[in-house]
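Participant: Just one file: my_file30.txt, with compact mmCIF, C-alpha atoms and all ligand atoms.
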```
# COMPACT_ATOMS: atom_id res chain seq x y z
CA MET A 1 -16.46 16.86 -1.93
CA LEU A 2 -20.16 16.68 -2.71
CA ASN A 3 -22.00 14.40 -0.37
CA PRO A 4 -20.72 10.87 -1.00
CA SER A 5 -23.77 9.46 -2.78
CA ASP A 6 -23.96 12.46 -5.15
CA PHE A 7 -20.24 12.16 -5.80
CA ILE A 8 -20.67 8.48 -6.67
CA LYS A 9 -23.59 9.18 -9.05
CA GLU A 10 -21.68 11.93 -10.80
CA ALA A 11 -18.47 9.90 -11.02
CA ILE A 12 -20.31 6.90 -12.49
CA GLU A 13 -21.87 9.12 -15.16
CA ASN A 14 -18.52 10.68 -16.02
CA ILE A 15 -16.76 7.33 -16.26
CA LYS A 16 -19.52 5.90 -18.47
CA GLU A 17 -19.35 8.92 -20.70
CA THR A 18 -15.57 8.70 -21.07
CA VAL A 19 -15.16 4.94 -21.43
CA GLY A 20 -18.43 3.94 -23.08
CA ASP A 21 -18.23 0.28 -24.09
CA GLY A 22 -14.44 0.30 -23.98
CA LYS A 23 -12.34 -1.87 -21.76
CA ALA A 24 -10.37 -0.45 -18.85
CA VAL A 25 -7.68 -1.74 -16.54
CA ILE A 26 -6.62 -0.58 -13.10
CA ALA A 27 -3.57 -1.52 -11.09
CA LEU A 28 -5.16 -2.52 -7.81
CA SER A 29 -2.56 -2.41 -5.05
CA GLY A 30 -4.93 -3.11 -2.19
CA GLY A 31 -4.29 0.38 -0.83
CA VAL A 32 -7.24 2.62 -0.02
CA ASP A 33 -6.97 4.80 -3.14
CA SER A 34 -6.77 2.12 -5.83
CA SER A 35 -9.34 0.00 -3.97
CA VAL A 36 -11.86 2.84 -3.87
CA ALA A 37 -11.14 3.80 -7.48
CA SER A 38 -11.62 0.15 -8.55
CA VAL A 39 -14.92 -0.35 -6.77
CA LEU A 40 -16.26 3.02 -7.95
CA THR A 41 -15.28 2.33 -11.56
CA GLN A 42 -16.66 -1.20 -11.42
CA LYS A 43 -20.05 0.37 -10.65
CA ALA A 44 -19.82 2.23 -13.95
CA LEU A 45 -18.22 -0.42 -16.16
CA GLY A 46 -18.95 -3.79 -14.59
CA ASP A 47 -16.66 -6.50 -15.94
CA ASN A 48 -15.26 -4.11 -18.54
CA LEU A 49 -12.97 -2.98 -15.76
CA VAL A 50 -10.19 -5.48 -15.11
CA ALA A 51 -8.51 -4.96 -11.74
CA VAL A 52 -4.93 -6.22 -11.89
CA PHE A 53 -3.08 -7.05 -8.71
CA VAL A 54 0.64 -7.58 -9.21
CA ASP A 55 2.56 -9.49 -6.55
CA HIS A 56 6.07 -8.01 -6.77
CA GLY A 57 7.45 -10.09 -3.94
CA LEU A 58 7.67 -7.01 -1.69
CA LEU A 59 4.27 -7.31 -0.06
CA ARG A 60 3.42 -7.37 3.61
CA GLU A 61 2.72 -10.69 5.29
CA GLY A 62 -0.70 -12.02 4.25
CA GLU A 63 -1.29 -9.11 1.85
CA ALA A 64 -1.78 -11.14 -1.32
CA ASP A 65 -4.45 -13.32 0.30
CA TYR A 66 -6.11 -10.32 1.92
CA VAL A 67 -6.48 -8.52 -1.39
CA LYS A 68 -7.67 -11.68 -3.15
CA ASP A 69 -10.27 -12.36 -0.47
CA THR A 70 -11.51 -8.77 -0.50
CA PHE A 71 -11.80 -8.29 -4.24
CA GLU A 72 -12.09 -11.62 -6.03
CA LYS A 73 -15.88 -11.59 -5.76
CA ARG A 74 -16.42 -7.84 -6.14
CA LEU A 75 -14.36 -7.19 -9.24
CA ASN A 76 -13.18 -8.72 -12.49
CA PHE A 77 -9.94 -9.48 -10.69
CA ARG A 78 -6.62 -10.76 -12.08
CA PHE A 79 -3.79 -11.86 -9.83
CA ILE A 80 -0.34 -11.74 -11.42
CA ASN A 81 2.59 -13.39 -9.70
CA ALA A 82 5.64 -11.48 -10.94
CA LYS A 83 7.90 -11.99 -7.92
CA ASP A 84 10.80 -13.47 -9.85
CA GLU A 85 10.75 -10.80 -12.54
CA PHE A 86 11.00 -8.03 -9.92
CA LEU A 87 13.51 -9.65 -7.61
CA ASN A 88 15.84 -10.64 -10.46
CA ARG A 89 15.94 -7.09 -11.77
CA LEU A 90 16.50 -5.67 -8.27
CA ASN A 91 19.36 -8.00 -7.49
CA GLY A 92 22.41 -6.05 -6.27
CA ILE A 93 20.77 -2.60 -6.48
CA GLU A 94 21.50 -0.36 -3.52
CA ASP A 95 20.38 3.15 -4.43
CA PRO A 96 16.80 3.93 -3.30
CA GLU A 97 15.86 5.89 -6.40
CA GLU A 98 17.33 3.21 -8.65
CA LYS A 99 15.22 0.61 -6.83
CA ARG A 100 12.10 2.71 -7.31
CA LYS A 101 12.91 3.21 -10.98
CA ILE A 102 13.38 -0.50 -11.59
CA ILE A 103 10.22 -1.40 -9.71
CA GLY A 104 8.34 1.19 -11.78
CA GLU A 105 9.75 -0.15 -15.04
CA VAL A 106 9.09 -3.81 -14.29
CA PHE A 107 5.64 -2.92 -13.05
CA ILE A 108 4.82 -1.11 -16.27
CA ASN A 109 6.13 -4.00 -18.38
CA VAL A 110 4.03 -6.53 -16.50
CA PHE A 111 1.03 -4.24 -16.57
CA GLU A 112 1.36 -3.49 -20.26
CA ARG A 113 1.35 -7.21 -21.07
CA VAL A 114 -1.86 -7.68 -19.11
CA ALA A 115 -3.52 -4.57 -20.58
CA GLU A 116 -2.67 -5.80 -24.07
CA GLU A 117 -4.09 -9.25 -23.36
CA GLU A 118 -7.25 -7.59 -22.10
CA ASN A 119 -7.45 -5.29 -25.12
CA ALA A 120 -7.79 -2.31 -22.80
CA LYS A 121 -7.99 1.25 -24.07
CA TYR A 122 -8.35 3.01 -20.74
CA LEU A 123 -6.26 3.07 -17.60
CA VAL A 124 -8.07 3.94 -14.39
CA GLN A 125 -5.86 5.36 -11.69
CA GLY A 126 -6.49 5.98 -8.01
CA THR A 127 -4.65 9.31 -8.11
CA ILE A 128 -5.73 11.66 -5.31
CA ALA A 129 -5.08 15.38 -4.79
CA PRO A 130 -1.80 15.21 -2.82
CA ASP A 131 -0.30 12.94 -5.53
CA TRP A 132 -0.42 15.63 -8.18
CA ILE A 133 -0.10 18.64 -5.92
CA GLU A 134 3.16 17.19 -4.52
CA SER A 135 4.46 16.63 -8.06
CA GLN A 136 4.12 20.36 -8.85
CA GLY A 137 0.48 20.14 -9.87
CA ASN A 138 1.32 20.12 -13.54
CA ILE A 139 -0.27 16.82 -14.48
CA LYS A 140 -3.24 17.39 -16.75
CA SER A 141 -6.49 15.76 -15.80
CA HIS A 142 -7.05 14.41 -19.34
CA HIS A 143 -4.05 12.74 -20.85
CA ASN A 144 -2.82 9.62 -22.55
CA LEU A 145 -0.13 7.32 -21.37
CA ALA A 146 2.15 5.68 -23.93
CA LEU A 147 3.54 2.47 -22.47
CA PRO A 148 7.09 1.35 -23.38
CA HIS A 149 6.05 -1.28 -25.91
CA GLY A 150 3.64 0.97 -27.73
CA LEU A 151 0.29 0.54 -26.00
CA VAL A 152 -1.42 3.90 -25.51
CA LEU A 153 -4.02 4.16 -22.78
CA GLU A 154 -6.31 7.03 -21.97
CA ILE A 155 -6.12 7.93 -18.31
CA VAL A 156 -9.23 8.07 -16.14
CA GLU A 157 -8.80 9.42 -12.61
CA PRO A 158 -12.17 9.36 -10.87
CA ILE A 159 -10.96 10.45 -7.41
CA ARG A 160 -8.21 12.91 -8.37
CA GLU A 161 -9.78 15.88 -6.58
CA LEU A 162 -10.20 14.07 -3.28
CA TYR A 163 -8.09 13.98 -0.14
CA LYS A 164 -7.48 10.83 1.84
CA ASP A 165 -10.18 11.44 4.44
CA GLU A 166 -12.72 11.94 1.64
CA VAL A 167 -11.55 8.79 -0.12
CA ARG A 168 -12.15 6.87 3.09
CA ILE A 169 -15.69 8.26 3.42
CA LEU A 170 -16.34 7.31 -0.20
CA GLY A 171 -14.99 3.81 0.34
CA LYS A 172 -17.42 3.22 3.21
CA GLU A 173 -20.30 4.55 1.12
CA LEU A 174 -19.28 2.07 -1.60
CA GLY A 175 -19.53 -0.78 0.88
CA LEU A 176 -15.87 -1.56 1.36
CA PRO A 177 -15.10 -3.10 4.76
CA SER A 178 -14.14 -0.36 7.20
CA GLU A 179 -10.95 -2.21 8.07
CA MET A 180 -9.88 -1.91 4.43
CA VAL A 181 -10.87 1.74 4.16
CA GLU A 182 -9.00 2.70 7.33
CA ARG A 183 -5.79 0.89 6.39
CA GLN A 184 -2.55 2.75 6.68
CA PRO A 185 -1.10 3.87 3.35
CA TYR A 186 1.43 1.43 1.98
CA PRO A 187 3.95 2.55 -0.63
CA GLY A 188 3.71 1.05 -4.11
CA PRO A 189 7.29 -0.31 -4.02
CA GLY A 190 6.31 -2.05 -0.78
CA LEU A 191 9.05 -3.37 1.47
CA ALA A 192 11.70 -2.14 -1.00
CA VAL A 193 11.50 1.31 0.64
CA ARG A 194 11.80 -0.29 4.09
CA VAL A 195 14.91 -2.35 3.42
CA VAL A 196 17.90 -0.02 3.28
CA GLY A 197 20.59 -1.17 0.84
CA LYS A 198 20.59 -4.25 -1.37
CA LEU A 199 17.44 -6.33 -1.46
CA THR A 200 17.76 -10.04 -0.90
CA PRO A 201 14.96 -12.53 -0.25
CA ALA A 202 16.37 -13.02 3.27
CA LYS A 203 16.33 -9.27 4.07
CA ILE A 204 12.87 -8.84 2.63
CA ASP A 205 11.72 -11.69 4.81
CA ILE A 206 13.20 -10.13 7.98
CA CYS A 207 11.55 -6.81 7.14
CA ARG A 208 8.23 -8.54 6.44
CA LYS A 209 8.29 -10.36 9.79
CA ALA A 210 9.20 -7.17 11.70
CA ASN A 211 6.39 -5.27 9.99
CA ALA A 212 3.88 -7.99 10.86
CA ILE A 213 4.86 -7.68 14.54
CA VAL A 214 4.53 -3.86 14.45
CA GLU A 215 1.10 -4.08 12.83
CA GLU A 216 -0.11 -6.67 15.32
CA GLU A 217 0.99 -4.73 18.38
CA VAL A 218 -0.18 -1.33 17.11
CA LYS A 219 -3.61 -2.85 16.43
CA ARG A 220 -3.66 -4.51 19.83
CA GLU A 221 -3.07 -1.06 21.36
CA GLY A 222 -5.83 0.44 19.18
CA LEU A 223 -3.41 2.94 17.69
CA ASP A 224 -4.04 1.79 14.13
CA GLU A 225 -6.98 4.21 14.15
CA THR A 226 -4.94 7.30 14.97
CA LEU A 227 -1.50 6.68 13.51
CA TRP A 228 -1.03 7.54 9.86
CA GLN A 229 1.66 4.95 9.27
CA TYR A 230 3.44 2.48 11.53
CA PHE A 231 6.14 0.16 10.32
CA ALA A 232 9.59 -1.32 10.76
CA VAL A 233 12.65 -0.53 8.68
CA LEU A 234 15.47 -3.00 8.17
CA THR A 235 18.61 -0.87 8.16
CA ASN A 236 21.84 -1.79 6.49
CA THR A 237 23.63 -1.47 9.82
CA LYS A 238 24.78 -4.45 11.81
CA VAL A 239 25.36 -4.14 15.53
CA THR A 240 26.61 -6.40 18.27
CA GLY A 241 24.06 -8.01 20.52
CA VAL A 242 23.92 -10.87 22.96
CA LYS A 243 21.38 -13.66 22.73
CA GLY A 244 21.55 -16.17 25.54
CA ASP A 245 25.26 -16.29 26.37
CA ILE A 246 26.38 -15.77 22.83
CA ARG A 247 27.48 -12.51 21.31
CA ASP A 248 25.88 -11.93 17.99
CA PHE A 249 26.29 -9.50 15.12
CA GLY A 250 22.84 -8.79 13.71
CA TYR A 251 20.68 -6.17 12.08
CA LEU A 252 19.40 -2.91 13.50
CA VAL A 253 15.66 -2.44 12.95
CA VAL A 254 14.08 0.99 13.30
CA LEU A 255 10.44 1.53 14.29
CA ARG A 256 8.68 4.38 12.54
CA MET A 257 5.26 5.58 13.69
CA VAL A 258 3.86 8.90 12.54
CA GLU A 259 0.74 11.00 12.60
CA SER A 260 -0.13 12.93 9.46
CA MET A 261 -3.03 14.34 7.44
CA ASP A 262 -1.70 13.74 3.95
CA ALA A 263 1.95 12.58 4.22
CA MET A 264 3.27 16.00 3.18
CA THR A 265 4.28 16.62 6.77
CA ALA A 266 4.32 14.13 9.63
CA ASP A 267 4.90 14.12 13.38
CA VAL A 268 6.08 11.43 15.71
CA PRO A 269 3.64 11.44 18.64
CA GLU A 270 4.28 10.26 22.17
CA LEU A 271 3.86 6.50 22.04
CA PRO A 272 2.92 4.02 24.77
CA TRP A 273 6.21 2.78 26.15
CA ASN A 274 4.87 -0.71 26.91
CA MET A 275 3.91 -1.17 23.29
CA ILE A 276 7.34 -0.05 22.06
CA LYS A 277 9.08 -2.39 24.51
CA THR A 278 6.84 -5.30 23.54
CA ILE A 279 7.52 -4.73 19.85
CA SER A 280 11.24 -4.52 20.52
CA SER A 281 11.30 -7.71 22.59
CA ARG A 282 9.21 -9.60 20.09
CA ILE A 283 11.32 -8.55 17.11
CA THR A 284 14.61 -9.58 18.72
CA ALA A 285 13.11 -12.80 20.10
CA GLU A 286 11.21 -13.88 17.00
CA ILE A 287 13.64 -12.77 14.30
CA SER A 288 17.02 -14.32 14.97
CA GLU A 289 18.88 -12.03 12.54
CA VAL A 290 17.94 -8.85 14.50
CA THR A 291 19.97 -7.81 17.56
CA HIS A 292 18.76 -4.25 18.15
CA VAL A 293 15.58 -2.20 17.77
CA ALA A 294 15.55 1.62 17.75
CA LEU A 295 12.69 4.13 17.60
CA SER A 296 12.72 6.96 15.08
CA VAL A 297 11.69 10.31 16.62
CA SER A 298 12.21 12.55 13.57
CA ASP A 299 9.33 14.50 12.08
CA LYS A 300 8.81 15.21 8.38
CA PRO A 301 10.43 17.59 7.51
CA PRO A 302 13.36 17.23 7.83
CA SER A 303 13.07 13.44 7.53
CA THR A 304 10.88 11.61 5.07
CA ILE A 305 8.41 9.06 6.32
CA GLU A 306 10.10 6.13 4.58
CA PHE A 307 13.79 5.32 4.95
CA ALA A 308 14.82 4.24 1.49
P1 LIG A 401 8.02 10.04 2.17
O1 LIG A 401 8.90 8.90 2.54
O2 LIG A 401 8.44 10.70 0.89
O3 LIG A 401 6.60 9.39 1.88
O4 LIG A 401 7.82 11.02 3.28
C1 LIG A 401 5.40 10.10 1.74
C2 LIG A 401 4.29 9.08 1.57
O5 LIG A 401 4.45 8.40 0.34
C3 LIG A 401 4.70 7.01 0.56
N1 LIG A 401 5.80 6.67 -0.37
C4 LIG A 401 5.60 6.09 -1.55
N2 LIG A 401 4.48 5.67 -2.13
N3 LIG A 401 5.75 4.99 -3.99
C5 LIG A 401 4.56 5.09 -3.34
O6 LIG A 401 3.53 4.66 -3.88
C6 LIG A 401 6.93 5.38 -3.47
O7 LIG A 401 8.00 5.26 -4.07
C7 LIG A 401 6.84 5.96 -2.17
N4 LIG A 401 7.77 6.49 -1.34
C8 LIG A 401 7.10 6.92 -0.25
C9 LIG A 401 5.07 6.86 2.01
O8 LIG A 401 4.72 5.58 2.51
C10 LIG A 401 4.30 7.99 2.64
O9 LIG A 401 2.95 7.62 2.87
```
Output the structure of this file as structure tokens.
Ligand code: XMP

Facilitator:
Amino acid sequence: MLNPSDFIKEAIENIKETVGDGKAVIALSGGVDSSVASVLTQKALGDNLVAVFVDHGLLREGEADYVKDTFEKRLNFRFINAKDEFLNRLNGIEDPEEKRKIIGEVFINVFERVAEEENAKYLVQGTIAPDWIESQGNIKSHHNLALPHGLVLEIVEPIRELYKDEVRILGKELGLPSEMVERQPYPGPGLAVRVVGKLTPAKIDICRKANAIVEEEVKREGLDETLWQYFAVLTNTKVTGVKGDIRDFGYLVVLRMVESMDAMTADVPELPWNMIKTISSRITAEISEVTHVALSVSDKPPSTIEFA
């Protein structure tokens, strides 16, 4: 990357040249990439960029408020509550790829409606280098996207040549809070890839609570700065446990904490045992439906980072 301020100047010029007086939309997830792409593009287009945040009902605890608080004043920001639309379509679906497909489809439908309302002609995306390199590197840098109901948007990808560490540097240069810029990556389908098997509001809620505990304890330990991702998975396995004097048949939760540069490979490092034990005790004490917590020790490859 050029030095960050030169990169920003050049990117702003390029975006202005491409979009002119047109209107653009971006799907702002609150992740580092789309956040940096939004703030960078806003510098070029001002309110002609509409940043759309879709709540699909699979967000982490407090995420919707966090994103609202961070961006409401910085961007022309639209919050769309589409929880019911997503969860209705996902009802009864077990297969991970099917879940992803449905989430993608519903997302595009919701997004297309908003883009149409906004009369947008351009779609800004926070694509970064590993995204297209991992998908065989055959995505062209200049292309159009035809949405299912006929809207055609021209794609603008201002940070497509950058790697994550560079995106973070850029984010700081753009004045984003360092806590936001250093956040762990969070998958677009959210907790759907961390609940194995059918999604129900109750299971999503268990997974959300377990993830909040993991995040709290990892931050308390200061490991949020070195770990690439740290989260809890709600498996589809039920195991016997004992709470008080009563035998119970509850869920198995798996803790996943990895180091990585770009998610293409990942390693499980040695982790502080006290932290793991605290997380385990808290999850079983605070979430009545969970009877057992396990720690994943598999690297990528052969495992993937997410479970579903
Ligand atoms: P895996 O599980 O394939 O994940 O090792 C690699 C990285 O990608 C994230 N991930 C996703 N991100 N949509 C996303 O936006 C998805 O469907 C998805 N699946 C995995 C994962 O969190 C990790 O950072």

Participant: How close does range 147-264 of chain A get to range 54-71 of chain A? List, as JSON lines, each residue of range 147-264 of chain A within 12 Å, its nearest atom pair and the distance in Å to one decimal, counting all atoms listed in the file.

Facilitator:
```
{"residue": "A:Gly175", "atom": "CA", "partner": "A:Thr70", "partner_atom": "CA", "distance": 11.4}
{"residue": "A:Leu176", "atom": "CA", "partner": "A:Thr70", "partner_atom": "CA", "distance": 8.6}
{"residue": "A:Pro177", "atom": "CA", "partner": "A:Thr70", "partner_atom": "CA", "distance": 8.5}
{"residue": "A:Ser178", "atom": "CA", "partner": "A:Thr70", "partner_atom": "CA", "distance": 11.7}
{"residue": "A:Glu179", "atom": "CA", "partner": "A:Thr70", "partner_atom": "CA", "distance": 10.8}
{"residue": "A:Met180", "atom": "CA", "partner": "A:Thr70", "partner_atom": "CA", "distance": 8.6}
{"residue": "A:Val181", "atom": "CA", "partner": "A:Thr70", "partner_atom": "CA", "distance": 11.5}
{"residue": "A:Arg183", "atom": "CA", "partner": "A:Glu63", "partner_atom": "CA", "distance": 11.9}
{"residue": "A:Tyr186", "atom": "CA", "partner": "A:Arg60", "partner_atom": "CA", "distance": 9.2}
{"residue": "A:Pro187", "atom": "CA", "partner": "A:Leu59", "partner_atom": "CA", "distance": 9.9}
{"residue": "A:Gly188", "atom": "CA", "partner": "A:Leu58", "partner_atom": "CA", "distance": 9.3}
{"residue": "A:Pro189", "atom": "CA", "partner": "A:Leu58", "partner_atom": "CA", "distance": 7.1}
{"residue": "A:Gly190", "atom": "CA", "partner": "A:Leu58", "partner_atom": "CA", "distance": 5.2}
{"residue": "A:Leu191", "atom": "CA", "partner": "A:Leu58", "partner_atom": "CA", "distance": 5.0}
{"residue": "A:Ala192", "atom": "CA", "partner": "A:Leu58", "partner_atom": "CA", "distance": 6.4}
{"residue": "A:Val193", "atom": "CA", "partner": "A:Leu58", "partner_atom": "CA", "distance": 9.5}
{"residue": "A:Arg194", "atom": "CA", "partner": "A:Leu58", "partner_atom": "CA", "distance": 9.8}
{"residue": "A:Val195", "atom": "CA", "partner": "A:Leu58", "partner_atom": "CA", "distance": 10.0}
{"residue": "A:Leu199", "atom": "CA", "partner": "A:Leu58", "partner_atom": "CA", "distance": 9.8}
{"residue": "A:Thr200", "atom": "CA", "partner": "A:Leu58", "partner_atom": "CA", "distance": 10.6}
{"residue": "A:Pro201", "atom": "CA", "partner": "A:Gly57", "partner_atom": "CA", "distance": 8.7}
{"residue": "A:Ala202", "atom": "CA", "partner": "A:Leu58", "partner_atom": "CA", "distance": 11.7}
{"residue": "A:Lys203", "atom": "CA", "partner": "A:Leu58", "partner_atom": "CA", "distance": 10.6}
{"residue": "A:Ile204", "atom": "CA", "partner": "A:Leu58", "partner_atom": "CA", "distance": 7.0}
{"residue": "A:Asp205", "atom": "CA", "partner": "A:Leu58", "partner_atom": "CA", "distance": 9.0}
{"residue": "A:Ile206", "atom": "CA", "partner": "A:Glu61", "partner_atom": "CA", "distance": 10.8}
{"residue": "A:Cys207", "atom": "CA", "partner": "A:Arg60", "partner_atom": "CA", "distance": 8.9}
{"residue": "A:Arg208", "atom": "CA", "partner": "A:Arg60", "partner_atom": "CA", "distance": 5.7}
{"residue": "A:Lys209", "atom": "CA", "partner": "A:Glu61", "partner_atom": "CA", "distance": 7.2}
{"residue": "A:Ala210", "atom": "CA", "partner": "A:Glu61", "partner_atom": "CA", "distance": 9.8}
{"residue": "A:Asn211", "atom": "CA", "partner": "A:Arg60", "partner_atom": "CA", "distance": 7.3}
{"residue": "A:Ala212", "atom": "CA", "partner": "A:Glu61", "partner_atom": "CA", "distance": 6.3}
{"residue": "A:Ile213", "atom": "CA", "partner": "A:Glu61", "partner_atom": "CA", "distance": 10.0}
{"residue": "A:Val214", "atom": "CA", "partner": "A:Arg60", "partner_atom": "CA", "distance": 11.4}
{"residue": "A:Glu215", "atom": "CA", "partner": "A:Arg60", "partner_atom": "CA", "distance": 10.1}
{"residue": "A:Glu216", "atom": "CA", "partner": "A:Glu61", "partner_atom": "CA", "distance": 11.2}
{"residue": "A:Phe231", "atom": "CA", "partner": "A:Arg60", "partner_atom": "CA", "distance": 10.4}
{"residue": "A:Ala232", "atom": "CA", "partner": "A:Arg60", "partner_atom": "CA", "distance": 11.2}
```

Participant: Using all atoms listed in the file for the distances, tell me which of A:Val110, A:Val233, A:Ala263, A:Ala24 is nearest to ligand LIG 401 (chain A).

Facilitator: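 The answer is A:Ala263, which sits nearest to ligand LIG 401 (chain A).
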
Participant: Using only C-alpha atoms and all ligand atoms, which residue out of A:Lys243, A:Arg220, A:Lys300, A:Arg256 lies closest to ligand LIG 401 (chain A)?

Facilitator: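 Selected residue with least distance to ligand LIG 401 (chain A): A:Lys300.
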
Participant: Nearest residue to Ser29 in chain A out of A:Arg78, A:Arg282, A:His292, A:Lys99, using all atoms listed in the file?

Facilitator: A:Arg78

Participant: What's the separation between CA of Glu134 in chain A and CA of Val52 in chain A, in Å to one decimal place?

Facilitator: 25.8 Å

Participant: Counting all atoms listed in the file, figure out which residue out of A:Ser280, A:Asp299, A:Lys198, A:Trp228 gets nearest to Asp95 in chain A.

Facilitator: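 Between A:Ser280, A:Asp299, A:Lys198, A:Trp228, the residue approaching Asp95 in chain A most closely is A:Lys198.
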
Participant: Hey, which of A:Gly104, A:Gly150, A:Pro158, A:Pro301 ends up closest to Gln42 in chain A? Count all atoms listed in the file.

Facilitator: A:Pro158

Participant: Using CA of Pro272 in chain A and atom O2 of ligand LIG 401 (chain A) as the two end points, give the distance in Å to one decimal.

Facilitator: 25.4 Å

Participant: Hey, can you check how far CA of Val253 in chain A sits from CA of Ser281 in chain A?

Facilitator: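 These two atoms are separated by 11.8 Å.
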
Participant: Compare A:Leu75, A:Ile103, A:Ala120, A:Val290 by their minimum atom-to-atom distance to ligand LIG 401 (chain A), counting all atoms listed in the file, and give me the closest one.

Facilitator: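 The shortest atom-to-atom distance to ligand LIG 401 (chain A) comes from A:Ile103.
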
Participant: Excluding Ala37 in chain A and its own-chain neighbours fewer than 2 positions away, which residues fall within 7 Å of it when counting only C-alpha atoms? Please give them as a ChimeraX atom specification.

Facilitator: /A:33-35,39-41,125-126,158-159

Participant: Any chance you can output those residues with C-alpha atoms as a tab-separated table (two decimals), in the coordinates of the input?

Facilitator:
```tsv
chain	number	residue	atom	x	y	z
A	33	ASP	CA	-6.97	4.80	-3.14
A	34	SER	CA	-6.77	2.12	-5.83
A	35	SER	CA	-9.34	0.00	-3.97
A	39	VAL	CA	-14.92	-0.35	-6.77
A	40	LEU	CA	-16.26	3.02	-7.95
A	41	THR	CA	-15.28	2.33	-11.56
A	125	GLN	CA	-5.86	5.36	-11.69
A	126	GLY	CA	-6.49	5.98	-8.01
A	158	PRO	CA	-12.17	9.36	-10.87
A	159	ILE	CA	-10.96	10.45	-7.41
```

Participant: For Asn109 in chain A, find every residue with an atom within 12 Å (counting all atoms listed in the file), except residues of its own chain fewer than 2 positions away, and show them as a list in words.

Facilitator: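 So, after excluding close chain neighbours, the residues are Val54, Ala82, Glu85, Phe86, Ile102, Ile103, Gly104, Glu105, Val106, Phe107, Phe111, Glu112, Arg113, Val114, Ala115, Glu116, Ala146, Leu147, Pro148, His149, Gly150 and Leu151 of chain A.
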